[in-house]
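Okay, structure first, notes after.
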Amino acid sequence: GAGLDEFLKEQSKVTGLAASVIVKDRILWMGASGIANKHTQKEVDLDTQFMIASISKVITAIAILQLYEANKLDLDQDISHYLPSHIKISHPYFPTCPITCRMLLTHSSGLRDSEIGLHLWRNDH
């Protein structure tokens with residue numbers, strides 16, 4: 001614990017960060033260091049919220065691959081199969097081509113961020 005606290009404080013190139021060590025369902029350590037808001041000089045604490053942005057892609061990919069390894073998900077199955085029946089996802093320009101988890105993981109579905117919510121989430125299928 002104390003060694004990790006010192007490590008966080010030594011990260012001078014990082015404005016602010018919070019971290020934890022979790023094993024199974026048990027939190028072994030939590031710590032925070034640095035500045036959350038450089039204008040107000042508010043310090044980072046364990047309740048500071050961070051925008052995780054693209055880090056969520058890694059977490060999602062790990063979860064999907066764990067489901068695949070447990071034979072609970074087929075990477076080549078249409079993703080609509082895993083969603084509630086009233087939600088169907090299809091490519092706006094190729095509606096008969098299924099979108100699969102493998103395509104989403106490898107960025108080969110042909111979908112763009114600008115299309116999310118505009119054409120994909122339809123209840124009329």
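By order of appearance in the structure tokens: chains A, B, ..., then residues from 1 within every chain, and ligands from 1 in the order shown.
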
Neighbouring residues of Cys101 of chain A were defined as those with any atom within 6 Å, considering only C-alpha atoms; residues of the same chain fewer than 2 positions away were excluded. Please report them as a PDB file with N, CA and C atoms, in the first residue's frame.
ATOM      1  N   LEU A  75     -18.162 -14.868 -32.037  1.00  0.00           N
ATOM      2  CA  LEU A  75     -17.637 -13.641 -32.641  1.00  0.00           C
ATOM      3  C   LEU A  75     -18.226 -13.360 -34.020  1.00  0.00           C
ATOM      4  N   MET A 103     -16.295  -8.034 -36.359  1.00  0.00           N
ATOM      5  CA  MET A 103     -16.203  -6.820 -37.178  1.00  0.00           C
ATOM      6  C   MET A 103     -16.038  -5.582 -36.303  1.00  0.00           C
ATOM      7  N   LEU A 104     -16.767  -5.536 -35.195  1.00  0.00           N
ATOM      8  CA  LEU A 104     -16.660  -4.378 -34.296  1.00  0.00           C
ATOM      9  C   LEU A 104     -15.291  -4.341 -33.625  1.00  0.00           C
TER      10      LEU A 104
END

Quick one: everything within 9 Å of Thr15 of chain A, counting only C-alpha atoms, minus sequence neighbours fewer than 6 positions away in the same chain. Send it as a PyMOL selection string. chain A and resi 33-38

DSSP strand (DSSP E) residues within chain A, listed as a list in words: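 So, restricting chain A to strand (DSSP E), we get Gly16, Leu17, Ala18, Ala19, Ser20, Val21, Ile22, Val23, Arg26, Ile27, Leu28, Trp29, Met30, Gly31, Ala32, Ser33, Gly34, Ile35, Ala36, Asn37, Lys42 and Glu43 of chain A.
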
Which residues are near segment 25-31 of chain A? Cut-off 9 Å, only C-alpha atoms, ignore same chain within fewer than 2 positions. Put them as a CSV table (one decimal) with all heavy atoms, in the first residue's frame.
chain,number,residue,atom,x,y,z
A,1,GLY,N,0.8,-1.2,0.0
A,1,GLY,CA,0.0,0.0,0.0
A,1,GLY,C,0.8,1.3,0.0
A,1,GLY,O,0.7,2.1,-0.8
A,4,LEU,N,2.8,1.8,-3.2
A,4,LEU,CA,2.0,2.3,-4.3
A,4,LEU,C,1.6,3.7,-4.1
A,4,LEU,O,1.6,4.5,-5.1
A,4,LEU,CB,0.7,1.4,-4.4
A,4,LEU,CG,1.0,0.0,-4.9
A,4,LEU,CD1,-0.3,-0.8,-4.8
A,4,LEU,CD2,1.5,-0.1,-6.3
A,5,ASP,N,1.4,4.2,-2.9
A,5,ASP,CA,1.1,5.6,-2.7
A,5,ASP,C,2.3,6.4,-3.1
A,5,ASP,O,2.1,7.5,-3.7
A,5,ASP,CB,0.8,5.8,-1.2
A,5,ASP,CG,-0.5,5.3,-0.8
A,5,ASP,OD1,-1.5,5.3,-1.6
A,5,ASP,OD2,-0.7,4.8,0.4
A,8,LEU,N,2.6,6.7,-6.9
A,8,LEU,CA,1.6,7.6,-7.5
A,8,LEU,C,2.2,9.1,-7.4
A,8,LEU,O,2.1,9.8,-8.3
A,8,LEU,CB,0.3,7.6,-6.8
A,8,LEU,CG,-0.7,6.4,-7.2
A,8,LEU,CD1,-2.0,6.6,-6.5
A,8,LEU,CD2,-0.9,6.4,-8.7
A,17,LEU,N,-4.3,11.4,-11.2
A,17,LEU,CA,-4.7,10.0,-11.5
A,17,LEU,C,-5.2,9.3,-10.2
A,17,LEU,O,-4.9,9.8,-9.1
A,17,LEU,CB,-3.5,9.2,-12.1
A,17,LEU,CG,-2.4,8.9,-11.2
A,17,LEU,CD1,-2.4,7.4,-10.8
A,17,LEU,CD2,-1.1,9.2,-11.9
A,18,ALA,N,-6.0,8.3,-10.5
A,18,ALA,CA,-6.5,7.5,-9.4
A,18,ALA,C,-6.3,6.0,-9.9
A,18,ALA,O,-6.4,5.8,-11.1
A,18,ALA,CB,-8.0,7.8,-9.1
A,19,ALA,N,-6.0,5.1,-8.9
A,19,ALA,CA,-5.8,3.8,-9.3
A,19,ALA,C,-6.3,2.8,-8.2
A,19,ALA,O,-6.4,3.3,-7.0
A,19,ALA,CB,-4.3,3.5,-9.6
A,20,SER,N,-6.5,1.6,-8.5
A,20,SER,CA,-6.8,0.6,-7.5
A,20,SER,C,-6.3,-0.8,-7.9
A,20,SER,O,-6.0,-1.0,-9.1
A,20,SER,CB,-8.3,0.5,-7.4
A,20,SER,OG,-8.9,0.1,-8.6
A,21,VAL,N,-6.1,-1.6,-7.0
A,21,VAL,CA,-5.7,-3.0,-7.2
A,21,VAL,C,-6.8,-3.9,-6.7
A,21,VAL,O,-7.2,-3.8,-5.5
A,21,VAL,CB,-4.4,-3.3,-6.4
A,21,VAL,CG1,-4.0,-4.8,-6.6
A,21,VAL,CG2,-3.2,-2.4,-6.9
A,22,ILE,N,-7.4,-4.6,-7.6
A,22,ILE,CA,-8.5,-5.5,-7.3
A,22,ILE,C,-8.2,-6.9,-7.7
A,22,ILE,O,-7.7,-7.2,-8.8
A,22,ILE,CB,-9.8,-5.0,-8.1
A,22,ILE,CG1,-10.1,-3.5,-7.8
A,22,ILE,CG2,-11.0,-5.9,-7.8
A,22,ILE,CD1,-11.1,-2.9,-8.7
A,23,VAL,N,-8.4,-7.8,-6.8
A,23,VAL,CA,-8.2,-9.2,-7.0
A,23,VAL,C,-9.5,-9.9,-6.7
A,23,VAL,O,-10.1,-9.8,-5.6
A,23,VAL,CB,-7.1,-9.8,-6.2
A,23,VAL,CG1,-7.0,-11.3,-6.4
A,23,VAL,CG2,-5.8,-9.1,-6.5
A,33,SER,N,-3.8,10.8,-6.6
A,33,SER,CA,-2.7,11.8,-6.5
A,33,SER,C,-2.8,12.8,-7.6
A,33,SER,O,-3.4,12.5,-8.7
A,33,SER,CB,-1.3,11.1,-6.7
A,33,SER,OG,-0.3,12.0,-6.6
A,45,ASP,N,-9.1,13.0,-5.7
A,45,ASP,CA,-9.4,12.1,-4.6
A,45,ASP,C,-10.1,10.8,-5.1
A,45,ASP,O,-10.3,10.6,-6.3
A,45,ASP,CB,-10.2,12.8,-3.5
A,45,ASP,CG,-11.6,13.2,-4.0
A,45,ASP,OD1,-12.2,12.6,-4.9
A,45,ASP,OD2,-12.1,14.3,-3.4
A,46,LEU,N,-10.5,9.9,-4.2
A,46,LEU,CA,-11.1,8.6,-4.6
A,46,LEU,C,-12.4,8.8,-5.2
A,46,LEU,O,-12.9,7.9,-5.9
A,46,LEU,CB,-11.1,7.7,-3.5
A,46,LEU,CG,-9.7,7.3,-2.9
A,46,LEU,CD1,-9.8,6.3,-1.8
A,46,LEU,CD2,-8.9,6.6,-4.0

Looking only at the backbone, which of the residues in segment 17-105 of chain A does DSSP tag as helix (DSSP H, G or I), as a ChimeraX atom specification? /A:55-69,79-82,101-105

Mind dumping the selected residues with C-alpha atoms as a CSV table (one decimal), in the first residue's frame?
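Dumped to selection-v1.csv:
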chain,number,residue,atom,x,y,z
A,55,ILE,CA,-9.9,3.1,-22.7
A,56,SER,CA,-13.4,1.6,-22.6
A,57,LYS,CA,-12.5,-0.1,-25.9
A,58,VAL,CA,-9.9,-2.2,-24.2
A,59,ILE,CA,-12.2,-3.2,-21.3
A,60,THR,CA,-15.0,-4.0,-23.8
A,61,ALA,CA,-12.7,-6.2,-25.9
A,62,ILE,CA,-11.4,-8.1,-22.9
A,63,ALA,CA,-15.0,-8.8,-21.7
A,64,ILE,CA,-16.1,-9.9,-25.2
A,65,LEU,CA,-13.1,-12.2,-25.5
A,66,GLN,CA,-13.7,-13.7,-22.1
A,67,LEU,CA,-17.3,-14.4,-23.1
A,68,TYR,CA,-16.0,-16.0,-26.3
A,69,GLU,CA,-13.5,-18.2,-24.3
A,79,ILE,CA,-24.8,-8.7,-32.8
A,80,SER,CA,-28.5,-8.2,-32.9
A,81,HIS,CA,-28.8,-11.8,-31.6
A,82,TYR,CA,-27.4,-10.6,-28.3
A,101,CYS,CA,-18.6,-8.8,-32.8
A,102,ARG,CA,-15.5,-9.7,-34.8
A,103,MET,CA,-16.2,-6.8,-37.2
A,104,LEU,CA,-16.7,-4.4,-34.3
A,105,LEU,CA,-13.5,-5.6,-32.5

Find the residue from A:Val14, A:Ile52, A:Ala70, A:Leu111 that sits nearest to Pro95 of chain A; use only C-alpha atoms when measuring. A:Leu111
